[in-house]
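First up is the structure itself, then whatever we jot down about it.
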Amino acid sequence: MVVRILLLCAFLIAFHTPGRAAVVSDFNAGLDGWTAIGSGSLSHSAAGGNPLGFARFDDIPGAGGDGFLVAPATFLGNWSTLDGIGVLKWDHIIVSMGDAPDIVNASATIAGPGGGATYFGALHQTSWTTFSAPISSANWSINSGTWNAVLANVTSLQIRIEAVHNDGPTLDVDGIDNVQLVPEPGALILFGVGVIIVFAQQIRRHRAGRIKGRIKGHH
């Protein structure tokens with residue numbers, strides 16, 4: 001009976017911990033409210049994504065600068081409940097590198113009244129690559145303010161979409177797909193297991209105390 005109760009507690013903790021619901025943009029039907037800033041044009045491609053549609057960014061030849069995908073309101077707000085258990089994920093591809101390419105690292109920046117922070121990932125690739133930014137202060141560089149203050153009210157999320165520094169006459173083209181802001185089930189399960197262990201220890205202590213009490217009573 002006790003084992004069944006513990007398993008039920010694990011399930012409830014792992015899958016029903018109060019917090020922010022998962023938000024996903026798969027770009028299958030359109031840009032899903034995302035916009036872009038930088039020296040290029042953002043469009044929706046119905047095919048060639050990972051899979052199906054994706055957000056496509058065409059650089060302006062010789063314009064220089066960088067291009068970033070800007071999140072809609074559904075990805076903004078209070079991220080505090082994701083701290084330590086959430087992750088920001090996205091898929092990226094370099095469709096065309098243009099002339100004399102200089103590939104840069106993946107990055108994402110969050111900002112708000114409490115300051116700002118940036119995540120830096122690995123180099124972009126010419127095939128679909130998934131980048132994961134754990135929502136944890138150890139994985140982000142604080143640009144201003146404090147980590148807790150930034151998470152309390154995220155009013156801006158920008159993900160680098162232009163992956164190539166290219167000043168040549170041929171434009172470079174990049175794409176992003178499957179942007180996700182989600183709790184990590186594994187982290188929640190580990191949290192649940194920790195609570196279960198503490199609960200089980202309390203049960204053992206309680207039983208041991210009752211047994212000792214009975215022994216003393218017999219004496």
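Every chain in the structure tokens has a letter given in the order shown (A, B, ...), and although residue numbers restart at 1 in each chain, ligands are simply numbered from 1 in the order shown.
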When you look at Ala46 (chain A) with a cut-off of 9 Å (counting only C-alpha atoms), what residues show up, excluding the ones that are within fewer than 4 positions of it in the same chain? I need them as a PDB file with N, CA, C and O atoms, in the first residue's frame.
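part32.pdb was written with the following content:
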```
ATOM      1  N   PHE A  27       5.928  26.410 -36.930  1.00  0.00           N
ATOM      2  CA  PHE A  27       5.985  27.127 -38.209  1.00  0.00           C
ATOM      3  C   PHE A  27       5.406  26.324 -39.382  1.00  0.00           C
ATOM      4  O   PHE A  27       5.727  26.594 -40.532  1.00  0.00           O
ATOM      5  N   ASN A  28       4.551  25.372 -39.085  1.00  0.00           N
ATOM      6  CA  ASN A  28       3.955  24.587 -40.171  1.00  0.00           C
ATOM      7  C   ASN A  28       2.916  25.381 -40.954  1.00  0.00           C
ATOM      8  O   ASN A  28       2.794  25.231 -42.170  1.00  0.00           O
ATOM      9  N   ALA A  29       2.165  26.243 -40.258  1.00  0.00           N
ATOM     10  CA  ALA A  29       1.094  26.989 -40.910  1.00  0.00           C
ATOM     11  C   ALA A  29       1.466  28.441 -41.196  1.00  0.00           C
ATOM     12  O   ALA A  29       0.752  29.140 -41.912  1.00  0.00           O
ATOM     13  N   GLY A  30       2.559  28.919 -40.642  1.00  0.00           N
ATOM     14  CA  GLY A  30       2.949  30.316 -40.833  1.00  0.00           C
ATOM     15  C   GLY A  30       4.013  30.711 -39.834  1.00  0.00           C
ATOM     16  O   GLY A  30       4.624  29.853 -39.183  1.00  0.00           O
ATOM     17  N   LEU A  52       8.323  19.817 -42.436  1.00  0.00           N
ATOM     18  CA  LEU A  52       7.325  20.751 -42.976  1.00  0.00           C
ATOM     19  C   LEU A  52       7.846  22.184 -42.999  1.00  0.00           C
ATOM     20  O   LEU A  52       8.937  22.439 -43.466  1.00  0.00           O
ATOM     21  N   GLY A  53       7.058  23.149 -42.474  1.00  0.00           N
ATOM     22  CA  GLY A  53       7.404  24.553 -42.640  1.00  0.00           C
ATOM     23  C   GLY A  53       8.473  25.044 -41.682  1.00  0.00           C
ATOM     24  O   GLY A  53       8.787  24.407 -40.678  1.00  0.00           O
ATOM     25  N   PHE A  54       9.046  26.222 -42.007  1.00  0.00           N
ATOM     26  CA  PHE A  54      10.026  26.846 -41.118  1.00  0.00           C
ATOM     27  C   PHE A  54      10.080  28.341 -41.391  1.00  0.00           C
ATOM     28  O   PHE A  54       9.568  28.831 -42.406  1.00  0.00           O
ATOM     29  N   ALA A  55      10.701  29.083 -40.476  1.00  0.00           N
ATOM     30  CA  ALA A  55      10.907  30.519 -40.635  1.00  0.00           C
ATOM     31  C   ALA A  55      12.220  30.741 -41.374  1.00  0.00           C
ATOM     32  O   ALA A  55      13.280  30.282 -40.932  1.00  0.00           O
TER      33      ALA A  55
END
```
(message) Applying 6 Å and only C-alpha atoms, which residues near region 170-175 of chain A remain after dropping the ones on its own chain fewer than 5 positions away? List them as an MDAnalysis selection string.
(response) chainID A and resid 55:59 61 92:99 162
Write a file of the selected residues as an mmCIF file, in the first residue's frame, keeping C-alpha atoms.
```cif
data_model
loop_
_atom_site.group_PDB
_atom_site.id
_atom_site.type_symbol
_atom_site.label_atom_id
_atom_site.label_comp_id
_atom_site.auth_asym_id
_atom_site.auth_seq_id
_atom_site.Cartn_x
_atom_site.Cartn_y
_atom_site.Cartn_z
ATOM 1 C CA ALA A 55 10.907 30.519 -40.635
ATOM 2 C CA ARG A 56 13.326 31.630 -43.369
ATOM 3 C CA PHE A 57 15.676 34.624 -43.165
ATOM 4 C CA ASP A 58 17.273 35.978 -46.359
ATOM 5 C CA ASP A 59 20.202 38.294 -45.778
ATOM 6 C CA PRO A 61 23.763 41.231 -49.831
ATOM 7 C CA HIS A 92 18.430 25.967 -36.934
ATOM 8 C CA ILE A 93 19.859 25.441 -40.393
ATOM 9 C CA ILE A 94 22.195 27.372 -42.697
ATOM 10 C CA VAL A 95 20.446 27.002 -46.051
ATOM 11 C CA SER A 96 23.045 28.968 -48.033
ATOM 12 C CA MET A 97 26.338 30.424 -46.760
ATOM 13 C CA GLY A 98 26.853 33.009 -49.498
ATOM 14 C CA ASP A 99 30.379 34.312 -50.179
ATOM 15 C CA GLU A 162 21.454 34.817 -39.218
#
```
(request) Excluding Val182 (chain A) and any residue of its chain fewer than 3 positions from it, enumerate the residues within 6 Å of it, using only C-alpha atoms, and give them as a PyMOL selection string. (result) chain A and resi 22+86-87
Could those residues be written to a file, using N, CA, C and O atoms, as a PDB file, in the first residue's frame?
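Written output follows (selection-v3.pdb):
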```
ATOM      1  N   ALA A  22       3.903  24.608 -21.439  1.00  0.00           N
ATOM      2  CA  ALA A  22       4.810  24.578 -22.582  1.00  0.00           C
ATOM      3  C   ALA A  22       4.266  25.432 -23.720  1.00  0.00           C
ATOM      4  O   ALA A  22       3.058  25.484 -23.953  1.00  0.00           O
ATOM      5  N   GLY A  86      13.315  24.242 -16.640  1.00  0.00           N
ATOM      6  CA  GLY A  86      12.831  24.523 -17.994  1.00  0.00           C
ATOM      7  C   GLY A  86      13.958  24.593 -19.009  1.00  0.00           C
ATOM      8  O   GLY A  86      15.143  24.601 -18.668  1.00  0.00           O
ATOM      9  N   VAL A  87      13.571  24.651 -20.284  1.00  0.00           N
ATOM     10  CA  VAL A  87      14.561  24.751 -21.356  1.00  0.00           C
ATOM     11  C   VAL A  87      13.949  25.478 -22.546  1.00  0.00           C
ATOM     12  O   VAL A  87      12.762  25.334 -22.829  1.00  0.00           O
TER      13      VAL A  87
END
```
Test item: residues at most 8 Å from Ile60 (chain A), only C-alpha atoms, excluding those fewer than 5 positions along its chain, as an mmCIF file with all heavy atoms, in the first residue's frame:
```
data_model
loop_
_atom_site.group_PDB
_atom_site.id
_atom_site.type_symbol
_atom_site.label_atom_id
_atom_site.label_comp_id
_atom_site.auth_asym_id
_atom_site.auth_seq_id
_atom_site.Cartn_x
_atom_site.Cartn_y
_atom_site.Cartn_z
ATOM 1 N N SER A 39 19.438 42.983 -40.909
ATOM 2 C CA SER A 39 19.581 43.312 -42.328
ATOM 3 C C SER A 39 19.151 42.147 -43.205
ATOM 4 O O SER A 39 19.962 41.497 -43.861
ATOM 5 C CB SER A 39 21.039 43.668 -42.626
ATOM 6 O OG SER A 39 21.883 42.588 -42.245
ATOM 7 N N GLY A 40 17.851 41.881 -43.221
ATOM 8 C CA GLY A 40 17.350 40.793 -44.042
ATOM 9 C C GLY A 40 15.834 40.748 -43.998
ATOM 10 O O GLY A 40 15.188 41.569 -43.345
ATOM 11 N N SER A 41 15.264 39.782 -44.709
ATOM 12 C CA SER A 41 13.810 39.657 -44.759
ATOM 13 C C SER A 41 13.388 38.298 -44.236
ATOM 14 O O SER A 41 14.010 37.274 -44.544
ATOM 15 C CB SER A 41 13.316 39.835 -46.203
ATOM 16 O OG SER A 41 13.871 38.841 -47.047
ATOM 17 N N LEU A 171 23.760 36.475 -51.210
ATOM 18 C CA LEU A 171 23.135 36.476 -49.887
ATOM 19 C C LEU A 171 23.257 35.121 -49.210
ATOM 20 O O LEU A 171 23.401 34.085 -49.850
ATOM 21 C CB LEU A 171 21.669 36.892 -49.984
ATOM 22 C CG LEU A 171 20.697 36.069 -50.839
ATOM 23 C CD1 LEU A 171 20.238 34.808 -50.127
ATOM 24 C CD2 LEU A 171 19.481 36.927 -51.185
#
```
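Put simply, CA of Arg20 (chain A) is 27.1 Å away from CA of Gly49 (chain A).
Between CA of Asn50 (chain A) and CA of Leu151 (chain A) the separation is 29.1 Å.
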(request) Go through A:Val164, A:Ala149, A:Ala71, A:Ala117 and flag the residue nearest Asp32 (chain A), using only C-alpha atoms for the distances. (result) A:Ala71
(message) Can you tell me, as a ChimeraX atom specification, which residues in region 119-185 of chain A count as helix (DSSP H, G or I) by DSSP?
(response) /A:137-139,147-152,185
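Interatomic distance, CA of Ser137 (chain A) to CA of Ala163 (chain A): 24.6 Å.
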(message) At a cut-off of 7 Å, using only C-alpha atoms, what residues contact Ser144 (chain A)? Leave out same-chain residues fewer than 2 positions from it and give the result as a PyMOL selection string.
(response) chain A and resi 115-116+142+146
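Between Ser132 (chain A) and the candidates A:Pro51, A:Leu88, A:Ser156, A:Gly33, the tightest atom-to-atom separation, counting only C-alpha atoms, involves A:Leu88.
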